[in-house]
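Q: My file is my_file09.cif. It has mmCIF, C-alpha atoms and all ligand atoms:
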```cif
data_work
#
loop_
_atom_site.group_PDB
_atom_site.id
_atom_site.type_symbol
_atom_site.label_atom_id
_atom_site.label_comp_id
_atom_site.auth_asym_id
_atom_site.auth_seq_id
_atom_site.Cartn_x
_atom_site.Cartn_y
_atom_site.Cartn_z
ATOM 1 C CA MET A 2 115.369 112.573 102.451
ATOM 2 C CA SER A 3 116.025 108.916 101.732
ATOM 3 C CA LEU A 4 113.143 106.779 100.559
ATOM 4 C CA THR A 5 112.895 103.000 100.544
ATOM 5 C CA LEU A 6 109.991 101.134 98.992
ATOM 6 C CA VAL A 7 109.411 97.554 100.132
ATOM 7 C CA ILE A 8 107.512 95.598 97.494
ATOM 8 C CA GLY A 9 106.432 92.070 96.594
ATOM 9 C CA ASN A 10 107.108 90.105 93.423
ATOM 10 C CA LYS A 11 106.787 92.269 90.330
ATOM 11 C CA ALA A 12 104.976 89.466 88.481
ATOM 12 C CA TYR A 13 102.178 89.233 91.023
ATOM 13 C CA SER A 14 102.036 92.143 93.468
ATOM 14 C CA SER A 15 99.517 94.567 92.029
ATOM 15 C CA TRP A 16 99.468 96.746 95.143
ATOM 16 C CA SER A 17 103.247 97.141 95.020
ATOM 17 C CA MET A 18 103.199 98.238 91.391
ATOM 18 C CA ARG A 19 101.173 101.368 92.165
ATOM 19 C CA PRO A 20 103.598 103.420 94.295
ATOM 20 C CA TRP A 21 106.595 102.012 92.399
ATOM 21 C CA ILE A 22 105.454 103.400 89.045
ATOM 22 C CA ALA A 23 104.325 106.655 90.683
ATOM 23 C CA LEU A 24 107.800 107.154 92.161
ATOM 24 C CA LYS A 25 109.424 106.377 88.803
ATOM 25 C CA GLU A 26 107.080 108.601 86.785
ATOM 26 C CA ALA A 27 107.605 111.434 89.257
ATOM 27 C CA ASP A 28 111.362 110.923 88.993
ATOM 28 C CA ILE A 29 111.729 110.541 92.768
ATOM 29 C CA ALA A 30 114.830 108.561 93.799
ATOM 30 C CA PHE A 31 114.298 105.555 96.074
ATOM 31 C CA GLU A 32 115.865 102.283 97.143
ATOM 32 C CA GLU A 33 113.844 99.154 96.551
ATOM 33 C CA ILE A 34 113.592 96.018 98.668
ATOM 34 C CA VAL A 35 111.798 93.063 97.062
ATOM 35 C CA ILE A 36 110.305 90.436 99.355
ATOM 36 C CA PRO A 37 108.927 87.422 97.464
ATOM 37 C CA ILE A 38 105.413 86.961 98.891
ATOM 38 C CA TYR A 39 103.556 83.824 99.992
ATOM 39 C CA ILE A 40 106.629 81.660 100.474
ATOM 40 C CA GLU A 41 108.174 80.406 103.683
ATOM 41 C CA GLY A 42 109.531 83.247 105.764
ATOM 42 C CA SER A 43 108.102 86.047 103.625
ATOM 43 C CA SER A 44 105.531 87.129 106.193
ATOM 44 C CA GLU A 45 108.215 87.552 108.889
ATOM 45 C CA LYS A 46 110.297 89.606 106.467
ATOM 46 C CA ILE A 47 107.358 91.911 105.731
ATOM 47 C CA PHE A 48 106.491 92.270 109.444
ATOM 48 C CA ALA A 49 110.077 93.319 110.087
ATOM 49 C CA HIS A 50 109.254 96.466 108.077
ATOM 50 C CA SER A 51 105.614 97.135 109.033
ATOM 51 C CA PRO A 52 103.161 95.995 111.722
ATOM 52 C CA ALA A 53 100.453 95.668 109.053
ATOM 53 C CA GLY A 54 102.369 92.801 107.456
ATOM 54 C CA LYS A 55 101.574 93.767 103.864
ATOM 55 C CA VAL A 56 103.516 95.272 100.992
ATOM 56 C CA PRO A 57 103.956 97.915 99.679
ATOM 57 C CA ILE A 58 105.652 99.832 102.485
ATOM 58 C CA LEU A 59 107.357 103.200 102.082
ATOM 59 C CA LYS A 60 110.052 104.237 104.513
ATOM 60 C CA ASP A 61 111.098 107.858 104.688
ATOM 61 C CA GLY A 62 113.808 108.038 107.327
ATOM 62 C CA ASP A 63 112.152 106.883 110.552
ATOM 63 C CA LEU A 64 108.640 107.224 109.110
ATOM 64 C CA THR A 65 106.912 104.060 107.875
ATOM 65 C CA ILE A 66 103.836 104.285 105.631
ATOM 66 C CA TRP A 67 101.963 101.185 104.529
ATOM 67 C CA ASP A 68 99.100 100.766 102.105
ATOM 68 C CA SER A 69 99.370 101.769 98.451
ATOM 69 C CA LEU A 70 96.852 104.619 98.606
ATOM 70 C CA ALA A 71 98.320 106.125 101.788
ATOM 71 C CA ILE A 72 101.754 105.998 100.157
ATOM 72 C CA LEU A 73 100.461 107.779 97.049
ATOM 73 C CA GLU A 74 98.878 110.460 99.246
ATOM 74 C CA TYR A 75 102.164 110.947 101.088
ATOM 75 C CA LEU A 76 104.095 111.233 97.824
ATOM 76 C CA ALA A 77 101.567 113.735 96.452
ATOM 77 C CA GLU A 78 101.929 115.899 99.578
ATOM 78 C CA THR A 79 105.697 115.611 99.797
ATOM 79 C CA TYR A 80 106.394 116.185 96.100
ATOM 80 C CA PRO A 81 103.720 118.648 94.873
ATOM 81 C CA GLN A 82 105.756 119.262 91.722
ATOM 82 C CA ALA A 83 104.986 115.664 90.684
ATOM 83 C CA ARG A 84 101.296 116.674 90.337
ATOM 84 C CA LEU A 85 100.120 113.272 91.516
ATOM 85 C CA TRP A 86 96.613 114.672 91.978
ATOM 86 C CA PRO A 87 94.909 117.020 89.478
ATOM 87 C CA SER A 88 95.189 120.708 90.439
ATOM 88 C CA ASP A 89 91.475 121.407 89.924
ATOM 89 C CA LYS A 90 89.485 120.665 93.099
ATOM 90 C CA ARG A 91 86.572 118.940 91.356
ATOM 91 C CA ALA A 92 88.871 116.828 89.175
ATOM 92 C CA ARG A 93 90.906 115.989 92.290
ATOM 93 C CA ALA A 94 87.770 114.853 94.111
ATOM 94 C CA LEU A 95 86.882 112.579 91.194
ATOM 95 C CA ALA A 96 90.461 111.259 91.015
ATOM 96 C CA ARG A 97 90.275 110.379 94.711
ATOM 97 C CA ALA A 98 86.816 108.804 94.325
ATOM 98 C CA ILE A 99 87.871 106.505 91.483
ATOM 99 C CA SER A 100 91.128 105.656 93.282
ATOM 100 C CA ALA A 101 89.196 104.757 96.433
ATOM 101 C CA GLU A 102 86.733 102.713 94.361
ATOM 102 C CA MET A 103 89.658 100.739 92.960
ATOM 103 C CA HIS A 104 91.243 100.378 96.363
ATOM 104 C CA SER A 105 88.173 98.971 98.083
ATOM 105 C CA GLY A 106 86.213 97.386 95.255
ATOM 106 C CA PHE A 107 86.323 95.142 92.203
ATOM 107 C CA VAL A 108 86.686 92.056 94.365
ATOM 108 C CA PRO A 109 85.505 89.484 91.762
ATOM 109 C CA LEU A 110 87.908 90.945 89.184
ATOM 110 C CA ARG A 111 90.822 90.918 91.611
ATOM 111 C CA LYS A 112 90.045 87.381 92.789
ATOM 112 C CA LEU A 113 89.644 85.745 89.394
ATOM 113 C CA MET A 114 91.988 87.804 87.229
ATOM 114 C CA THR A 115 94.948 87.757 89.564
ATOM 115 C CA MET A 116 97.852 89.834 88.334
ATOM 116 C CA ASN A 117 100.401 87.786 86.441
ATOM 117 C CA LEU A 118 102.655 89.776 84.150
ATOM 118 C CA ARG A 119 104.375 86.732 82.694
ATOM 119 C CA ARG A 120 101.234 85.110 81.313
ATOM 120 C CA HIS A 121 98.707 85.644 78.520
ATOM 121 C CA TYR A 122 95.425 83.746 78.329
ATOM 122 C CA PRO A 123 93.831 84.323 74.911
ATOM 123 C CA GLY A 124 90.062 83.781 74.882
ATOM 124 C CA PHE A 125 89.812 83.731 78.697
ATOM 125 C CA GLU A 126 86.153 83.299 79.681
ATOM 126 C CA VAL A 127 84.993 86.168 81.841
ATOM 127 C CA PRO A 128 82.163 85.274 84.285
ATOM 128 C CA GLU A 129 79.231 87.652 84.753
ATOM 129 C CA ASP A 130 80.300 89.196 88.057
ATOM 130 C CA VAL A 131 83.800 89.863 86.749
ATOM 131 C CA GLN A 132 82.352 91.283 83.509
ATOM 132 C CA ALA A 133 80.321 93.736 85.628
ATOM 133 C CA ASN A 134 83.615 94.907 87.171
ATOM 134 C CA VAL A 135 85.242 95.140 83.740
ATOM 135 C CA ASP A 136 82.302 97.226 82.491
ATOM 136 C CA ARG A 137 82.493 99.573 85.488
ATOM 137 C CA VAL A 138 86.252 100.059 85.048
ATOM 138 C CA GLN A 139 85.724 100.918 81.394
ATOM 139 C CA GLN A 140 82.935 103.326 82.296
ATOM 140 C CA ILE A 141 85.332 105.075 84.699
ATOM 141 C CA TRP A 142 88.107 105.236 82.115
ATOM 142 C CA ASP A 143 85.868 106.353 79.236
ATOM 143 C CA GLU A 144 84.006 109.022 81.232
ATOM 144 C CA THR A 145 87.106 110.372 82.949
ATOM 145 C CA ARG A 146 89.063 110.529 79.698
ATOM 146 C CA ALA A 147 86.158 112.366 78.008
ATOM 147 C CA ALA A 148 85.696 114.872 80.841
ATOM 148 C CA HIS A 149 89.280 115.454 82.007
ATOM 149 C CA GLY A 150 91.733 113.853 79.606
ATOM 150 C CA LYS A 151 92.116 116.529 76.937
ATOM 151 C CA ASP A 152 95.711 117.467 77.801
ATOM 152 C CA GLY A 153 97.311 114.041 77.541
ATOM 153 C CA PRO A 154 96.705 110.287 77.246
ATOM 154 C CA PHE A 155 95.960 109.612 80.945
ATOM 155 C CA LEU A 156 92.760 109.815 83.002
ATOM 156 C CA PHE A 157 93.347 113.456 83.885
ATOM 157 C CA GLY A 158 95.621 114.282 80.949
ATOM 158 C CA HIS A 159 98.986 114.033 82.704
ATOM 159 C CA PHE A 160 99.934 111.013 84.832
ATOM 160 C CA THR A 161 98.337 111.025 88.304
ATOM 161 C CA ALA A 162 97.896 108.716 91.287
ATOM 162 C CA ALA A 163 94.612 107.557 89.723
ATOM 163 C CA ASP A 164 96.601 106.122 86.795
ATOM 164 C CA ALA A 165 98.936 104.426 89.266
ATOM 165 C CA MET A 166 95.894 102.868 90.971
ATOM 166 C CA TYR A 167 94.502 101.525 87.682
ATOM 167 C CA ALA A 168 97.800 100.420 86.066
ATOM 168 C CA PRO A 169 97.640 96.876 87.517
ATOM 169 C CA VAL A 170 94.087 96.569 86.123
ATOM 170 C CA VAL A 171 95.496 97.443 82.698
ATOM 171 C CA THR A 172 97.967 94.561 83.050
ATOM 172 C CA ARG A 173 95.159 92.201 84.106
ATOM 173 C CA PHE A 174 93.125 93.123 81.025
ATOM 174 C CA LYS A 175 96.203 92.401 78.889
ATOM 175 C CA THR A 176 96.924 89.080 80.613
ATOM 176 C CA TYR A 177 93.316 87.886 80.367
ATOM 177 C CA ASP A 178 92.741 89.170 76.833
ATOM 178 C CA VAL A 179 89.833 91.427 77.816
ATOM 179 C CA LYS A 180 88.203 93.245 74.892
ATOM 180 C CA LEU A 181 87.943 96.978 75.583
ATOM 181 C CA THR A 182 86.174 99.995 74.122
ATOM 182 C CA PRO A 183 88.408 102.041 71.769
ATOM 183 C CA THR A 184 88.813 104.781 74.427
ATOM 184 C CA SER A 185 89.695 102.288 77.153
ATOM 185 C CA GLN A 186 92.092 100.416 74.858
ATOM 186 C CA ALA A 187 93.880 103.661 73.943
ATOM 187 C CA TYR A 188 94.178 104.470 77.645
ATOM 188 C CA ALA A 189 95.467 100.950 78.414
ATOM 189 C CA ASP A 190 98.040 101.304 75.620
ATOM 190 C CA ALA A 191 99.228 104.633 77.085
ATOM 191 C CA ILE A 192 99.729 102.985 80.492
ATOM 192 C CA LEU A 193 101.592 100.020 78.952
ATOM 193 C CA ALA A 194 103.865 102.446 77.056
ATOM 194 C CA LEU A 195 104.981 104.218 80.250
ATOM 195 C CA PRO A 196 108.715 103.692 80.868
ATOM 196 C CA SER A 197 107.995 102.751 84.483
ATOM 197 C CA VAL A 198 105.483 100.091 83.438
ATOM 198 C CA LYS A 199 107.921 98.663 80.899
ATOM 199 C CA ASP A 200 110.613 98.520 83.602
ATOM 200 C CA TRP A 201 108.217 96.813 86.002
ATOM 201 C CA TYR A 202 107.381 94.196 83.316
ATOM 202 C CA ALA A 203 111.105 93.638 82.710
ATOM 203 C CA GLY A 204 111.602 93.119 86.435
ATOM 204 C CA ALA A 205 108.741 90.599 86.488
ATOM 205 C CA ALA A 206 110.221 88.706 83.544
ATOM 206 C CA ALA A 207 113.558 88.437 85.333
ATOM 207 C CA GLU A 208 112.051 86.946 88.523
ATOM 208 C CA SER A 209 112.325 83.211 89.100
ATOM 209 C CA TRP A 210 109.674 82.835 91.842
ATOM 210 C CA VAL A 211 106.540 81.005 90.686
ATOM 211 C CA LEU A 212 103.382 80.954 92.822
ATOM 212 C CA ASP A 213 101.010 78.174 91.724
ATOM 213 C CA GLN A 214 97.950 79.978 93.110
ATOM 214 C CA TYR A 215 98.559 82.829 90.625
ATOM 215 C CA GLU A 216 99.007 80.535 87.629
ATOM 216 C CA TYR A 217 96.098 79.028 85.647
HETATM 217 N N1 LIG B 301 95.214 97.469 100.664
HETATM 218 C C1 LIG B 301 96.626 97.146 100.728
HETATM 219 C C2 LIG B 301 96.790 95.722 100.214
HETATM 220 C C3 LIG B 301 98.199 95.193 100.396
HETATM 221 C C4 LIG B 301 98.288 93.707 100.082
HETATM 222 O O1 LIG B 301 97.278 92.950 100.147
HETATM 223 N N2 LIG B 301 99.515 93.247 99.768
HETATM 224 C C5 LIG B 301 99.760 91.849 99.487
HETATM 225 C C6 LIG B 301 100.559 91.666 98.185
HETATM 226 S S1 LIG B 301 99.840 92.388 96.753
HETATM 227 C C7 LIG B 301 100.688 91.260 100.543
HETATM 228 O O2 LIG B 301 101.446 91.971 101.177
HETATM 229 N N3 LIG B 301 100.669 89.961 100.714
HETATM 230 C C8 LIG B 301 101.642 89.266 101.511
HETATM 231 C C9 LIG B 301 101.099 88.677 102.765
HETATM 232 O O3 LIG B 301 99.902 88.887 103.076
HETATM 233 O O4 LIG B 301 101.880 87.980 103.447
HETATM 234 C C10 LIG B 301 97.400 98.185 99.912
HETATM 235 O O5 LIG B 301 96.747 98.931 99.178
HETATM 236 O O6 LIG B 301 98.620 98.291 100.039
#
```
Is it possible to express this structure as structure tokens?
A:
Amino acid sequence: MSLTLVIGNKAYSSWSMRPWIALKEADIAFEEIVIPIYIEGSSEKIFAHSPAGKVPILKDGDLTIWDSLAILEYLAETYPQARLWPSDKRARALARAISAEMHSGFVPLRKLMTMNLRRHYPGFEVPEDVQANVDRVQQIWDETRAAHGKDGPFLFGHFTAADAMYAPVVTRFKTYDVKLTPTSQAYADAILALPSVKDWYAGAAAESWVLDQYEY
């Protein structure tokens, strides 16, 4: 089986980060193709890989899978030993619910606190609607850690797809200097200490593309 993951800029592409770190944490070999997004010609390059025209895209031989959550599901099914979902049915249902909530929600947070791994904005003023998103994320982290996180530092103890879904949010909270509860901060620190996350940051630092719309 030969896997290729097509991703956007590591500095900015939060959706791309999710399957990339999941593949790395699960120790699954893959080739990577980086397409710098939102510059001339990038859309055509993405469409050459997927009719949906968005990254990330996973290619497994002649199979193409787009959308970060669909890719994580495919990886979880194809590599059960990676334990990308919790083994307990009820925990797995919760992991899927919070992953889906991330995937389809938190619009104010995603719009205002765009991912930018190369920047830090101390004292960033968080508007009310974004703060409501921040509070909900922390509620998810704190409650999930308390109920399911006994066996390790992640939401369900060991690393799962739910952690992959929330990792870009961790980077946003770091970039925008968001104050967290002790439990949420400890969880954020565990995500930032992951080798895959460190590698992704290093990749972002090495990129030269700058997108003005993602810079304050
Ligand atoms: N819901 C999709 C979102 C994918 C998405 O919006 N990707 C953005 C980059 S983070 C993209 O491809 N933008 C480039 C473009 O629209 O040309 C997923 O989970 O994969």
Q: When the cut-off is 7 Å and you count all atoms listed in the file, which residues lie near ligand LIG 301 (chain B), shown as a ChimeraX atom specification?
A: /A:9,13-17,38-39,43-44,54-57,67-70,104
Q: At a cut-off of 12 Å, using only C-alpha atoms, what residues contact range 51-53 of chain A? Leave out same-chain residues fewer than 3 positions from it and give the result as number ranges by chain.
A: A: 6-8, 44-48, 56-60, 63-68
Q: For CA of Ala77 in chain A and CA of Ala23 in chain A, determine how far apart the two atoms are, in Å to one decimal place.
A: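 Pair CA of Ala77 in chain A / CA of Ala23 in chain A returns 9.5 Å.
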Q: Please identify all polymer residues within 8 Å of range 202-215 of chain A, counting all atoms listed in the file, omitting same-chain residues fewer than 2 positions from it, and present them as a list in words.
A: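 After dropping sequence-adjacent residues, the list is Asn10, Lys11, Ala12, Tyr13, Pro37, Tyr39, Thr115, Met116, Asn117, Leu118, Arg119, Val198, Lys199, Asp200 and Tyr217 of chain A.
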Q: Could you give me, as a PyMOL selection string, the residues that have an atom at most 12 Å away from the point (89.1, 100.7, 81.1) in the coordinates of the file, using all atoms listed in the file?
A: chain A and resi 99+103+132+134-146+155-156+164+167-175+179-192
Q: Looking at only C-alpha atoms, which of A:Trp21, A:Phe31, A:Tyr177, A:Tyr75 is the one that sits closest to Tyr122 in chain A?
A: A:Tyr177
Q: What does the distance between CA of Val35 in chain A and CA of Val108 in chain A come to in Å, to one decimal place?
A: 25.3 Å
Q: Find the residues around range 84-98 of chain A up to 7 Å (all atoms listed in the file counted), leave out those fewer than 6 positions away in its own chain, and share them as a PyMOL selection string.
A: chain A and resi 77+157+161-163
Q: What's the 10 Å shell around Gly158 in chain A, counting only C-alpha atoms, without same-chain residues fewer than 4 positions away, as a PyMOL selection string?
A: chain A and resi 87+145-146+148-154
Q: Taking all atoms listed in the file into account, which of A:Leu110, A:Glu26, A:Thr176, A:Leu193 comes nearest Gln82 in chain A?
A: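 Counting all atoms listed in the file, the residue closest to Gln82 in chain A is A:Glu26.
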Q: Between CA of Thr79 in chain A and CA of Phe160 in chain A, what is the distance in Å, rounded to a tenth?
A: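 Calculated distance between CA of Thr79 in chain A and CA of Phe160 in chain A is 16.7 Å.
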Q: Closest to Asp61 in chain A among A:Glu216, A:Leu76, A:His121, A:Pro128, using only C-alpha atoms?
A: A:Leu76
Q: With distances taken over all atoms listed in the file, which residue among A:Ala49, A:Ala101, A:Val131, A:Leu195 lies nearest Ala27 in chain A?
A: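 Of A:Ala49, A:Ala101, A:Val131, A:Leu195, the one nearest Ala27 in chain A, counting all atoms listed in the file, is A:Leu195.
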Q: Which residue out of A:Pro109, A:Asp178, A:Glu102, A:Pro81 has the minimum interatomic distance to Glu126 in chain A when only C-alpha atoms are used?
A: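 Of A:Pro109, A:Asp178, A:Glu102, A:Pro81, the one nearest Glu126 in chain A, counting only C-alpha atoms, is A:Asp178.
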